[in-house]
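This is entry.cif (mmCIF, C-alpha atoms).
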data_final
#
loop_
_atom_site.group_PDB
_atom_site.id
_atom_site.type_symbol
_atom_site.label_atom_id
_atom_site.label_comp_id
_atom_site.auth_asym_id
_atom_site.auth_seq_id
_atom_site.Cartn_x
_atom_site.Cartn_y
_atom_site.Cartn_z
ATOM 1 C CA MET A 1 -4.346 17.291 86.076
ATOM 2 C CA SER A 2 -0.761 17.073 84.992
ATOM 3 C CA TYR A 3 -1.572 14.591 82.205
ATOM 4 C CA ASP A 4 -1.993 15.745 78.646
ATOM 5 C CA SER A 5 -5.777 15.907 78.599
ATOM 6 C CA HIS A 6 -5.897 15.950 74.789
ATOM 7 C CA THR A 7 -4.487 12.422 74.705
ATOM 8 C CA ILE A 8 -7.033 11.314 77.285
ATOM 9 C CA ASP A 9 -9.852 12.791 75.201
ATOM 10 C CA ILE A 10 -8.753 10.795 72.175
ATOM 11 C CA LEU A 11 -8.561 7.595 74.251
ATOM 12 C CA ARG A 12 -11.980 8.275 75.724
ATOM 13 C CA ASN A 13 -13.838 9.348 72.615
ATOM 14 C CA SER A 14 -12.413 7.183 69.865
ATOM 15 C CA LYS A 15 -14.290 3.948 69.335
ATOM 16 C CA TYR A 16 -11.157 2.149 68.172
ATOM 17 C CA ALA A 17 -8.368 3.555 70.383
ATOM 18 C CA ILE A 18 -8.799 1.302 73.429
ATOM 19 C CA PRO A 19 -9.545 -1.921 71.463
ATOM 20 C CA VAL A 20 -6.426 -1.371 69.324
ATOM 21 C CA ILE A 21 -4.289 -0.578 72.382
ATOM 22 C CA GLN A 22 -5.701 -3.707 74.060
ATOM 23 C CA SER A 23 -4.485 -5.715 71.052
ATOM 24 C CA PHE A 24 -0.967 -4.370 71.597
ATOM 25 C CA HIS A 25 -1.345 -5.259 75.290
ATOM 26 C CA LEU A 26 -1.956 -8.852 74.170
ATOM 27 C CA PHE A 27 1.066 -8.808 71.796
ATOM 28 C CA GLY A 28 3.199 -7.760 74.772
ATOM 29 C CA ILE A 29 1.688 -10.447 77.001
ATOM 30 C CA THR A 30 2.269 -13.128 74.369
ATOM 31 C CA LEU A 31 5.915 -12.098 74.015
ATOM 32 C CA LEU A 32 6.468 -11.799 77.775
ATOM 33 C CA LEU A 33 4.708 -15.006 78.865
ATOM 34 C CA GLY A 34 6.087 -16.921 75.876
ATOM 35 C CA SER A 35 9.616 -15.883 76.851
ATOM 36 C CA MET A 36 8.978 -16.846 80.467
ATOM 37 C CA VAL A 37 7.695 -20.273 79.402
ATOM 38 C CA ILE A 38 10.846 -20.791 77.305
ATOM 39 C CA LEU A 39 13.238 -19.670 80.082
ATOM 40 C CA ASN A 40 11.470 -21.683 82.776
ATOM 41 C CA LEU A 41 11.148 -24.887 80.755
ATOM 42 C CA ARG A 42 14.903 -24.689 80.314
ATOM 43 C CA LEU A 43 15.697 -23.619 83.888
ATOM 44 C CA SER A 44 13.613 -26.416 85.415
ATOM 45 C CA GLY A 45 15.265 -28.946 83.088
ATOM 46 C CA ILE A 46 11.882 -30.070 81.714
ATOM 47 C CA GLY A 47 12.375 -28.860 78.153
ATOM 48 C CA LEU A 48 14.638 -27.161 75.598
ATOM 49 C CA ARG A 49 17.596 -28.904 77.245
ATOM 50 C CA GLN A 50 19.715 -28.875 74.081
ATOM 51 C CA ILE A 51 19.788 -25.079 73.922
ATOM 52 C CA PRO A 52 22.490 -23.589 76.190
ATOM 53 C CA MET A 53 21.019 -21.689 79.148
ATOM 54 C CA ALA A 54 23.577 -18.895 78.775
ATOM 55 C CA LEU A 55 22.238 -18.065 75.276
ATOM 56 C CA LEU A 56 18.589 -18.108 76.394
ATOM 57 C CA ALA A 57 19.408 -16.060 79.501
ATOM 58 C CA LYS A 58 20.882 -13.369 77.296
ATOM 59 C CA GLN A 59 18.673 -13.369 74.198
ATOM 60 C CA VAL A 60 15.242 -14.572 75.374
ATOM 61 C CA TRP A 61 15.589 -12.330 78.438
ATOM 62 C CA ARG A 62 15.658 -9.402 76.003
ATOM 63 C CA LEU A 63 12.431 -10.592 74.371
ATOM 64 C CA ALA A 64 10.816 -10.848 77.805
ATOM 65 C CA ILE A 65 11.802 -7.265 78.661
ATOM 66 C CA GLY A 66 10.513 -6.074 75.278
ATOM 67 C CA GLY A 67 7.182 -7.812 75.901
ATOM 68 C CA LEU A 68 6.985 -6.406 79.431
ATOM 69 C CA LEU A 69 7.627 -2.831 78.248
ATOM 70 C CA LEU A 70 5.019 -3.144 75.476
ATOM 71 C CA ALA A 71 2.447 -4.597 77.905
ATOM 72 C CA MET A 72 3.144 -1.898 80.522
ATOM 73 C CA ALA A 73 3.049 1.019 78.071
ATOM 74 C CA SER A 74 -0.195 -0.188 76.436
ATOM 75 C CA GLY A 75 -1.652 -1.085 79.832
ATOM 76 C CA PHE A 76 -0.962 2.432 81.095
ATOM 77 C CA LEU A 77 -2.826 3.917 78.104
ATOM 78 C CA VAL A 78 -5.843 1.681 78.845
ATOM 79 C CA PHE A 79 -5.762 2.747 82.504
ATOM 80 C CA LEU A 80 -5.348 6.471 81.795
ATOM 81 C CA PRO A 81 -8.874 7.461 80.642
ATOM 82 C CA ASP A 82 -10.608 5.582 83.447
ATOM 83 C CA PRO A 83 -8.313 5.474 86.519
ATOM 84 C CA ALA A 84 -11.043 5.611 89.172
ATOM 85 C CA ARG A 85 -12.855 2.574 87.781
ATOM 86 C CA TYR A 86 -9.657 0.523 87.640
ATOM 87 C CA ALA A 87 -8.477 1.624 91.079
ATOM 88 C CA ALA A 88 -11.760 0.381 92.553
ATOM 89 C CA ASN A 89 -11.517 -3.001 90.822
ATOM 90 C CA TYR A 90 -10.165 -5.763 93.102
ATOM 91 C CA ALA A 91 -8.792 -7.788 90.191
ATOM 92 C CA PHE A 92 -6.867 -4.720 88.993
ATOM 93 C CA ARG A 93 -5.439 -4.153 92.484
ATOM 94 C CA THR A 94 -4.435 -7.805 92.711
ATOM 95 C CA LYS A 95 -2.837 -7.538 89.266
ATOM 96 C CA MET A 96 -0.733 -4.520 90.289
ATOM 97 C CA VAL A 97 0.491 -6.212 93.478
ATOM 98 C CA ALA A 98 1.267 -9.413 91.552
ATOM 99 C CA LEU A 99 3.055 -7.367 88.881
ATOM 100 C CA CYS A 100 5.291 -5.741 91.525
ATOM 101 C CA VAL A 101 6.071 -9.154 93.029
ATOM 102 C CA ALA A 102 6.796 -10.671 89.599
ATOM 103 C CA VAL A 103 9.017 -7.789 88.462
ATOM 104 C CA GLY A 104 10.824 -7.704 91.819
ATOM 105 C CA PHE A 105 11.460 -11.461 91.741
ATOM 106 C CA GLN A 106 12.512 -11.273 88.098
ATOM 107 C CA PHE A 107 15.155 -8.594 88.568
ATOM 108 C CA LEU A 108 16.379 -9.328 92.111
ATOM 109 C CA ILE A 109 16.530 -13.132 92.092
ATOM 110 C CA TYR A 110 15.625 -14.682 88.729
ATOM 111 C CA ARG A 111 18.117 -12.769 86.604
ATOM 112 C CA ARG A 112 20.999 -13.816 88.868
ATOM 113 C CA VAL A 113 19.920 -17.452 88.857
ATOM 114 C CA ILE A 114 19.607 -17.803 85.061
ATOM 115 C CA ARG A 115 22.939 -16.070 84.524
ATOM 116 C CA SER A 116 24.820 -18.243 86.987
ATOM 117 C CA GLY A 117 26.524 -21.422 85.784
ATOM 118 C CA ALA A 118 24.291 -23.463 88.116
ATOM 119 C CA ALA A 119 21.302 -22.698 85.873
ATOM 120 C CA GLU A 120 22.440 -25.365 83.369
ATOM 121 C CA SER A 121 21.054 -28.217 85.471
ATOM 122 C CA GLY A 122 17.465 -28.755 86.581
ATOM 123 C CA SER A 123 18.390 -28.800 90.284
ATOM 124 C CA PRO A 124 15.655 -28.593 92.969
ATOM 125 C CA ARG A 125 16.598 -24.951 93.502
ATOM 126 C CA ASN A 126 16.169 -24.185 89.798
ATOM 127 C CA ILE A 127 12.807 -25.973 89.704
ATOM 128 C CA ILE A 128 11.560 -23.913 92.666
ATOM 129 C CA VAL A 129 12.775 -20.655 91.083
ATOM 130 C CA ALA A 130 11.101 -21.596 87.761
ATOM 131 C CA CYS A 131 7.812 -22.383 89.552
ATOM 132 C CA CYS A 132 7.894 -19.055 91.432
ATOM 133 C CA SER A 133 8.553 -17.154 88.219
ATOM 134 C CA LEU A 134 5.782 -18.836 86.194
ATOM 135 C CA THR A 135 3.297 -18.620 89.074
ATOM 136 C CA SER A 136 3.900 -14.910 89.586
ATOM 137 C CA TRP A 137 3.574 -14.055 85.871
ATOM 138 C CA PHE A 138 0.482 -16.185 85.301
ATOM 139 C CA LEU A 139 -1.089 -14.694 88.434
ATOM 140 C CA VAL A 140 -0.642 -11.291 86.787
ATOM 141 C CA GLY A 141 -2.294 -12.690 83.646
ATOM 142 C CA TRP A 142 -5.259 -14.287 85.432
ATOM 143 C CA ALA A 143 -5.853 -11.210 87.582
ATOM 144 C CA GLY A 144 -5.747 -9.116 84.410
ATOM 145 C CA ARG A 145 -8.350 -11.318 82.752
ATOM 146 C CA ALA A 146 -10.525 -11.098 85.861
ATOM 147 C CA ILE A 147 -10.709 -7.276 85.624
ATOM 148 C CA ALA A 148 -13.359 -7.544 82.895
ATOM 149 C CA PHE A 149 -15.450 -10.011 84.900
ATOM 150 C CA LEU A 150 -15.445 -7.968 88.090
ATOM 151 C CA GLY A 151 -16.740 -4.939 86.155
ATOM 152 C CA MET B 1 -30.861 -25.374 57.839
ATOM 153 C CA SER B 2 -28.756 -22.229 57.431
ATOM 154 C CA VAL B 3 -25.481 -21.786 59.293
ATOM 155 C CA VAL B 4 -26.957 -19.010 61.418
ATOM 156 C CA SER B 5 -29.880 -21.143 62.546
ATOM 157 C CA TRP B 6 -27.475 -24.002 63.262
ATOM 158 C CA CYS B 7 -25.395 -21.587 65.395
ATOM 159 C CA HIS B 8 -28.597 -20.509 67.107
ATOM 160 C CA TRP B 9 -29.468 -24.136 67.882
ATOM 161 C CA LEU B 10 -25.881 -24.856 69.006
ATOM 162 C CA GLN B 11 -25.603 -22.045 71.536
ATOM 163 C CA ASN B 12 -29.029 -22.885 72.927
ATOM 164 C CA THR B 13 -28.215 -26.511 73.665
ATOM 165 C CA SER B 14 -28.345 -27.034 77.410
ATOM 166 C CA TRP B 15 -24.584 -27.507 77.834
ATOM 167 C CA ALA B 16 -23.625 -24.492 75.692
ATOM 168 C CA THR B 17 -26.106 -22.387 77.659
ATOM 169 C CA SER B 18 -24.725 -23.539 80.998
ATOM 170 C CA LEU B 19 -21.149 -22.845 79.837
ATOM 171 C CA ARG B 20 -22.136 -19.331 78.703
ATOM 172 C CA GLN B 21 -23.921 -18.624 81.967
ATOM 173 C CA SER B 22 -21.340 -20.172 84.282
ATOM 174 C CA ASP B 23 -19.609 -17.593 86.474
ATOM 175 C CA PHE B 24 -16.689 -19.954 86.873
ATOM 176 C CA PHE B 25 -16.214 -22.072 83.739
ATOM 177 C CA PHE B 26 -16.712 -19.386 81.109
ATOM 178 C CA PRO B 27 -14.010 -17.059 82.546
ATOM 179 C CA LEU B 28 -11.811 -20.138 83.081
ATOM 180 C CA VAL B 29 -12.115 -21.220 79.427
ATOM 181 C CA GLU B 30 -11.675 -17.676 78.133
ATOM 182 C CA GLY B 31 -8.665 -17.017 80.387
ATOM 183 C CA SER B 32 -7.081 -20.320 79.341
ATOM 184 C CA HIS B 33 -7.617 -19.439 75.681
ATOM 185 C CA ILE B 34 -5.785 -16.134 76.143
ATOM 186 C CA LEU B 35 -2.969 -17.318 78.411
ATOM 187 C CA ALA B 36 -2.249 -20.402 76.264
ATOM 188 C CA LEU B 37 -1.067 -17.846 73.686
ATOM 189 C CA SER B 38 2.217 -18.020 75.599
ATOM 190 C CA LEU B 39 2.602 -21.744 74.931
ATOM 191 C CA SER B 40 1.434 -21.662 71.292
ATOM 192 C CA VAL B 41 2.192 -18.373 69.545
ATOM 193 C CA GLY B 42 4.810 -17.420 72.171
ATOM 194 C CA LEU B 43 6.934 -20.425 71.221
ATOM 195 C CA ILE B 44 6.368 -20.060 67.465
ATOM 196 C CA ILE B 45 7.748 -16.514 67.760
ATOM 197 C CA LEU B 46 11.087 -17.997 68.893
ATOM 198 C CA LEU B 47 11.232 -20.197 65.783
ATOM 199 C CA ASP B 48 10.263 -17.322 63.458
ATOM 200 C CA LEU B 49 12.835 -14.996 65.034
ATOM 201 C CA ARG B 50 15.490 -17.698 64.643
ATOM 202 C CA LEU B 51 14.647 -18.048 60.937
ATOM 203 C CA LEU B 52 15.228 -14.294 60.690
ATOM 204 C CA ARG B 53 18.490 -14.733 62.649
ATOM 205 C CA LEU B 54 17.285 -12.257 65.280
ATOM 206 C CA VAL B 55 17.715 -14.718 68.166
ATOM 207 C CA LEU B 56 20.041 -17.673 68.784
ATOM 208 C CA PRO B 57 21.750 -17.395 65.368
ATOM 209 C CA SER B 58 24.451 -19.820 66.532
ATOM 210 C CA GLU B 59 21.941 -22.616 67.187
ATOM 211 C CA ARG B 60 20.690 -24.836 64.347
ATOM 212 C CA VAL B 61 17.108 -24.182 63.180
ATOM 213 C CA SER B 62 16.323 -27.918 63.273
ATOM 214 C CA LYS B 63 17.403 -28.069 66.908
ATOM 215 C CA ILE B 64 15.211 -25.111 67.890
ATOM 216 C CA MET B 65 12.298 -26.741 66.042
ATOM 217 C CA ASN B 66 12.821 -30.111 67.780
ATOM 218 C CA GLN B 67 13.023 -28.441 71.167
ATOM 219 C CA VAL B 68 10.115 -26.035 70.751
ATOM 220 C CA MET B 69 7.466 -28.012 68.835
ATOM 221 C CA PRO B 70 6.724 -30.655 71.551
ATOM 222 C CA TRP B 71 5.572 -27.718 73.725
ATOM 223 C CA ALA B 72 3.997 -25.527 71.056
ATOM 224 C CA LEU B 73 1.745 -28.299 69.677
ATOM 225 C CA PRO B 74 -0.030 -29.014 73.008
ATOM 226 C CA GLY B 75 -0.305 -25.220 73.307
ATOM 227 C CA PHE B 76 -2.165 -25.093 69.989
ATOM 228 C CA GLY B 77 -4.260 -28.058 71.209
ATOM 229 C CA ILE B 78 -5.384 -26.006 74.237
ATOM 230 C CA MET B 79 -6.107 -23.024 71.952
ATOM 231 C CA PHE B 80 -8.232 -25.194 69.643
ATOM 232 C CA VAL B 81 -10.266 -26.897 72.390
ATOM 233 C CA THR B 82 -10.886 -23.730 74.435
ATOM 234 C CA GLY B 83 -11.597 -21.768 71.230
ATOM 235 C CA LEU B 84 -14.151 -24.380 70.142
ATOM 236 C CA LEU B 85 -15.861 -24.210 73.555
ATOM 237 C CA LEU B 86 -15.989 -20.408 73.369
ATOM 238 C CA PHE B 87 -17.520 -20.682 69.891
ATOM 239 C CA PHE B 88 -20.168 -23.173 71.075
ATOM 240 C CA ALA B 89 -21.124 -20.914 73.960
ATOM 241 C CA GLN B 90 -21.661 -17.840 71.751
ATOM 242 C CA ALA B 91 -21.998 -19.351 68.275
ATOM 243 C CA GLU B 92 -24.598 -16.986 66.845
ATOM 244 C CA LYS B 93 -22.939 -13.762 68.007
ATOM 245 C CA VAL B 94 -19.487 -14.977 67.015
ATOM 246 C CA TYR B 95 -20.434 -16.352 63.589
ATOM 247 C CA THR B 96 -21.824 -13.009 62.454
ATOM 248 C CA ASN B 97 -18.811 -11.070 63.813
ATOM 249 C CA GLY B 98 -16.552 -9.679 61.061
ATOM 250 C CA TYR B 99 -13.379 -9.911 63.166
ATOM 251 C CA PHE B 100 -14.084 -13.582 63.873
ATOM 252 C CA ARG B 101 -14.329 -14.255 60.124
ATOM 253 C CA VAL B 102 -11.050 -12.456 59.440
ATOM 254 C CA LYS B 103 -9.446 -14.421 62.295
ATOM 255 C CA MET B 104 -10.585 -17.764 60.833
ATOM 256 C CA LEU B 105 -9.450 -16.775 57.328
ATOM 257 C CA VAL B 106 -5.993 -15.740 58.565
ATOM 258 C CA LEU B 107 -5.715 -18.965 60.608
ATOM 259 C CA VAL B 108 -6.300 -20.926 57.383
ATOM 260 C CA LEU B 109 -3.610 -18.826 55.653
ATOM 261 C CA LEU B 110 -1.254 -19.567 58.576
ATOM 262 C CA GLY B 111 -1.942 -23.270 58.075
ATOM 263 C CA ILE B 112 -1.030 -22.957 54.386
ATOM 264 C CA ASN B 113 2.074 -20.946 55.339
ATOM 265 C CA ALA B 114 3.201 -23.694 57.744
ATOM 266 C CA LEU B 115 2.417 -26.345 55.118
ATOM 267 C CA ILE B 116 4.625 -24.589 52.542
ATOM 268 C CA TYR B 117 7.445 -24.569 55.102
ATOM 269 C CA GLN B 118 6.977 -28.281 55.814
ATOM 270 C CA LEU B 119 6.856 -29.273 52.134
ATOM 271 C CA LYS B 120 9.368 -26.898 50.576
ATOM 272 C CA PHE B 121 11.968 -26.003 53.187
ATOM 273 C CA TYR B 122 11.814 -28.659 55.908
ATOM 274 C CA PRO B 123 12.975 -31.632 53.746
ATOM 275 C CA ALA B 124 16.093 -29.741 52.609
ATOM 276 C CA MET B 125 16.763 -28.319 56.064
ATOM 277 C CA ALA B 126 19.977 -30.296 56.532
ATOM 278 C CA GLU B 127 21.506 -28.316 53.646
ATOM 279 C CA TRP B 128 20.984 -24.841 55.103
ATOM 280 C CA ASP B 129 20.611 -25.693 58.760
ATOM 281 C CA LEU B 130 24.321 -25.365 59.485
ATOM 282 C CA SER B 131 25.123 -22.501 57.184
ATOM 283 C CA GLU B 132 25.080 -18.871 58.198
ATOM 284 C CA SER B 133 22.162 -17.960 55.948
ATOM 285 C CA VAL B 134 18.527 -18.996 55.868
ATOM 286 C CA PRO B 135 16.840 -19.299 52.417
ATOM 287 C CA ARG B 136 14.981 -16.138 51.443
ATOM 288 C CA GLY B 137 11.733 -18.098 51.067
ATOM 289 C CA ALA B 138 11.947 -19.431 54.626
ATOM 290 C CA GLN B 139 12.506 -15.882 55.869
ATOM 291 C CA VAL B 140 9.407 -14.706 54.000
ATOM 292 C CA ILE B 141 7.467 -17.508 55.692
ATOM 293 C CA ALA B 142 8.777 -16.369 59.104
ATOM 294 C CA VAL B 143 7.764 -12.723 58.520
ATOM 295 C CA THR B 144 4.359 -13.839 57.231
ATOM 296 C CA SER B 145 3.884 -16.021 60.303
ATOM 297 C CA LEU B 146 4.742 -13.168 62.707
ATOM 298 C CA ALA B 147 2.486 -10.672 60.910
ATOM 299 C CA PHE B 148 -0.446 -13.086 60.574
ATOM 300 C CA TRP B 149 -0.284 -14.155 64.220
ATOM 301 C CA MET B 150 -0.478 -10.482 65.199
ATOM 302 C CA ILE B 151 -3.601 -10.137 63.040
ATOM 303 C CA VAL B 152 -5.118 -13.254 64.647
ATOM 304 C CA ILE B 153 -4.446 -11.954 68.180
ATOM 305 C CA ALA B 154 -5.786 -8.481 67.320
ATOM 306 C CA CYS B 155 -8.955 -9.903 65.706
ATOM 307 C CA GLY B 156 -9.478 -12.173 68.706
ATOM 308 C CA ARG B 157 -9.285 -9.179 71.002
ATOM 309 C CA LEU B 158 -11.384 -6.867 68.777
ATOM 310 C CA MET B 159 -14.149 -9.495 68.545
ATOM 311 C CA ALA B 160 -15.088 -8.738 72.150
ATOM 312 C CA TYR B 161 -15.978 -5.119 71.379
ATOM 313 C CA GLU B 162 -19.092 -3.845 69.630
ATOM 314 C CA LEU B 163 -17.285 -2.236 66.679
#
Go ahead and render the structure in this file as structure tokens.
Amino acid sequence: MSYDSHTIDILRNSKYAIPVIQSFHLFGITLLLGSMVILNLRLSGIGLRQIPMALLAKQVWRLAIGGLLLAMASGFLVFLPDPARYAANYAFRTKMVALCVAVGFQFLIYRRVIRSGAAESGSPRNIIVACCSLTSWFLVGWAGRAIAFLG
Amino acid sequence: MSVVSWCHWLQNTSWATSLRQSDFFFPLVEGSHILALSLSVGLIILLDLRLLRLVLPSERVSKIMNQVMPWALPGFGIMFVTGLLLFFAQAEKVYTNGYFRVKMLVLVLLGINALIYQLKFYPAMAEWDLSESVPRGAQVIAVTSLAFWMIVIACGRLMAYEL
């Protein structure tokens, strides 16, 4: 094992380590999904229309990345002590695939769209992009919640 | 009848039992409760961060409030309804859980915090809305809100463990 096994022992043996890390996972999710709701309400033209898209694209994007990094770092620590169990869990596998799709979409397509001038209006293209973004992120969330129910 | 025995009766009503035992509806309600955090607390974070001038400092606070609240309030509505259903389904276990009690207490404090904002700072908003600075008191309310929501989320998560 190349991992620091001392860290894994703490995660495995402490009664509070994983629950506390799970709480930070939820802080990250709240920040990430909250930011995505804000950006997509604005992009689709459904809400927050009085706030300029250029400002949200710059500043709320940062919050989204912060939330994503917190969720990924805490998620990795939850995964670390019990990798075999997670790897065998279909909800976890679905979550990882959905996460790759969501992150890929976010950085390859979404970022360009919200930073282009055309993002100011709720055009059909913007509505489709907003739907894809929200769907991919909430799929990650639902798959994550399903991990506990699929044992 | 004591509260515990009322909780016992509540969670053993036929509909609370079927919700608890449903392989579909219980995960659906629980998942909705967690993911609606994005619509409720996720949007309040934007307002709190604006009061601290950490995001969108060039936009008026009143404008952010007007734009965000129509979405945050239904978000809190979903949280309340799904939370109530989750309580009904597991009333006895939840009522005796220490983290649940802390969560409820902090939610009440958050209500008082929001009320202070509405009564003390909201009416005079026009005076400081346009200026560069936010009153110190309103900033304290924003920090309190952020910290208390973190406690609420953590307690909600910790409730699920046998600690």
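We find CA of Met36 (chain A) and CA of Ile147 (chain A) to be spaced 22.5 Å apart.
Put simply, CA of Leu134 (chain A) is 12.1 Å away from CA of Leu99 (chain A).
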Could you state the separation of CA of Pro19 (chain A) and CA of Ile34 (chain B) in Å, given to one decimal place?
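Interatomic distance, CA of Pro19 (chain A) to CA of Ile34 (chain B): 15.4 Å.
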Please provide as a list of chain:residue names all residues within 8 Å of Ile38 (chain A), with the sequence filter that same-chain residues fewer than 5 positions apart are discarded (counting all atoms listed in the file).
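Here the answer would be A:Leu48, A:Val60, B:Leu43.
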Residues near Met53 (chain A), cut-off 10 Å, all atoms listed in the file, skip fewer than 6 positions along chain, as a list in words:
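The filter keeps Leu39, Arg42, Leu43, Gln59, Val60, Ile114, Arg115, Ser116, Gly117, Ala118, Ala119, Glu120 and Ser121 of chain A.
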As a check of understanding, name the residues that the PyMOL selection byres ((chain B and resi 67) around 9) selects in the supplied structure, as a ChimeraX atom specification.
/A:47-51 /B:62-66,68-71
Counting only C-alpha atoms, chain A residues within 10 Å of chain B, as a VMD selection string
chain A and resid 15 to 16 18 to 27 29 to 38 41 47 to 52 55 to 56 58 to 60 62 to 63 138 141 to 146 148 to 149
Find the spatial neighbours of region 108-118 of chain B, counting all atoms listed in the file, within a cut-off of 10 Å - ignore same-chain residues fewer than 6 positions away - and output them as a count of residues only.
15
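Proximity ranking of A:Ala57, A:Asn13, A:Gly28, A:Phe92 relative to Val113 (chain A) places A:Ala57 first, based on only C-alpha atoms.
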Residue nearest Gly75 (chain A) - candidates A:Met96, A:Ala91, A:Cys132, A:Ala102, atoms counted: all atoms listed in the file
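Under the stated criterion, the closest residue is A:Met96.
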Select, from A:Asn89, A:Leu150, A:Ser123, A:Trp61, the residue with the minimum atom-to-atom distance to Tyr110 (chain A), counting all atoms listed in the file.
A:Trp61
Will you model N, CA, C and O atoms for region 67-81 of chain B and pass it back as a tab-separated table (two decimals), keeping the file's coordinate frame?
chain	number	residue	atom	x	y	z
B	67	GLN	N	13.16	-28.76	69.75
B	67	GLN	CA	13.02	-28.44	71.17
B	67	GLN	C	11.72	-27.71	71.48
B	67	GLN	O	11.16	-27.87	72.56
B	68	VAL	N	11.26	-26.91	70.51
B	68	VAL	CA	10.12	-26.04	70.75
B	68	VAL	C	8.78	-26.71	70.41
B	68	VAL	O	7.79	-26.56	71.13
B	69	MET	N	8.75	-27.49	69.31
B	69	MET	CA	7.47	-28.01	68.83
B	69	MET	C	6.74	-28.94	69.83
B	69	MET	O	5.52	-28.88	69.92
B	70	PRO	N	7.45	-29.81	70.59
B	70	PRO	CA	6.72	-30.66	71.55
B	70	PRO	C	5.94	-29.84	72.58
B	70	PRO	O	5.02	-30.36	73.20
B	71	TRP	N	6.30	-28.58	72.78
B	71	TRP	CA	5.57	-27.72	73.72
B	71	TRP	C	4.56	-26.83	73.01
B	71	TRP	O	3.50	-26.54	73.55
B	72	ALA	N	4.91	-26.40	71.80
B	72	ALA	CA	4.00	-25.53	71.06
B	72	ALA	C	2.75	-26.29	70.61
B	72	ALA	O	1.64	-25.75	70.67
B	73	LEU	N	2.91	-27.55	70.19
B	73	LEU	CA	1.74	-28.30	69.68
B	73	LEU	C	0.67	-28.51	70.74
B	73	LEU	O	-0.51	-28.26	70.47
B	74	PRO	N	1.02	-28.97	71.96
B	74	PRO	CA	-0.03	-29.01	73.01
B	74	PRO	C	-0.62	-27.64	73.28
B	74	PRO	O	-1.82	-27.52	73.57
B	75	GLY	N	0.19	-26.59	73.15
B	75	GLY	CA	-0.30	-25.22	73.31
B	75	GLY	C	-1.40	-24.93	72.29
B	75	GLY	O	-2.46	-24.41	72.63
B	76	PHE	N	-1.15	-25.30	71.02
B	76	PHE	CA	-2.16	-25.09	69.99
B	76	PHE	C	-3.38	-25.99	70.24
B	76	PHE	O	-4.51	-25.61	69.92
B	77	GLY	N	-3.14	-27.18	70.83
B	77	GLY	CA	-4.26	-28.06	71.21
B	77	GLY	C	-5.18	-27.37	72.21
B	77	GLY	O	-6.41	-27.38	72.06
B	78	ILE	N	-4.58	-26.73	73.24
B	78	ILE	CA	-5.38	-26.01	74.24
B	78	ILE	C	-6.14	-24.87	73.56
B	78	ILE	O	-7.34	-24.65	73.82
B	79	MET	N	-5.45	-24.13	72.66
B	79	MET	CA	-6.11	-23.02	71.95
B	79	MET	C	-7.33	-23.52	71.18
B	79	MET	O	-8.39	-22.90	71.19
B	80	PHE	N	-7.16	-24.68	70.49
B	80	PHE	CA	-8.23	-25.19	69.64
B	80	PHE	C	-9.43	-25.62	70.49
B	80	PHE	O	-10.57	-25.25	70.21
B	81	VAL	N	-9.17	-26.38	71.56
B	81	VAL	CA	-10.27	-26.90	72.39
B	81	VAL	C	-11.00	-25.76	73.10
B	81	VAL	O	-12.23	-25.68	73.06
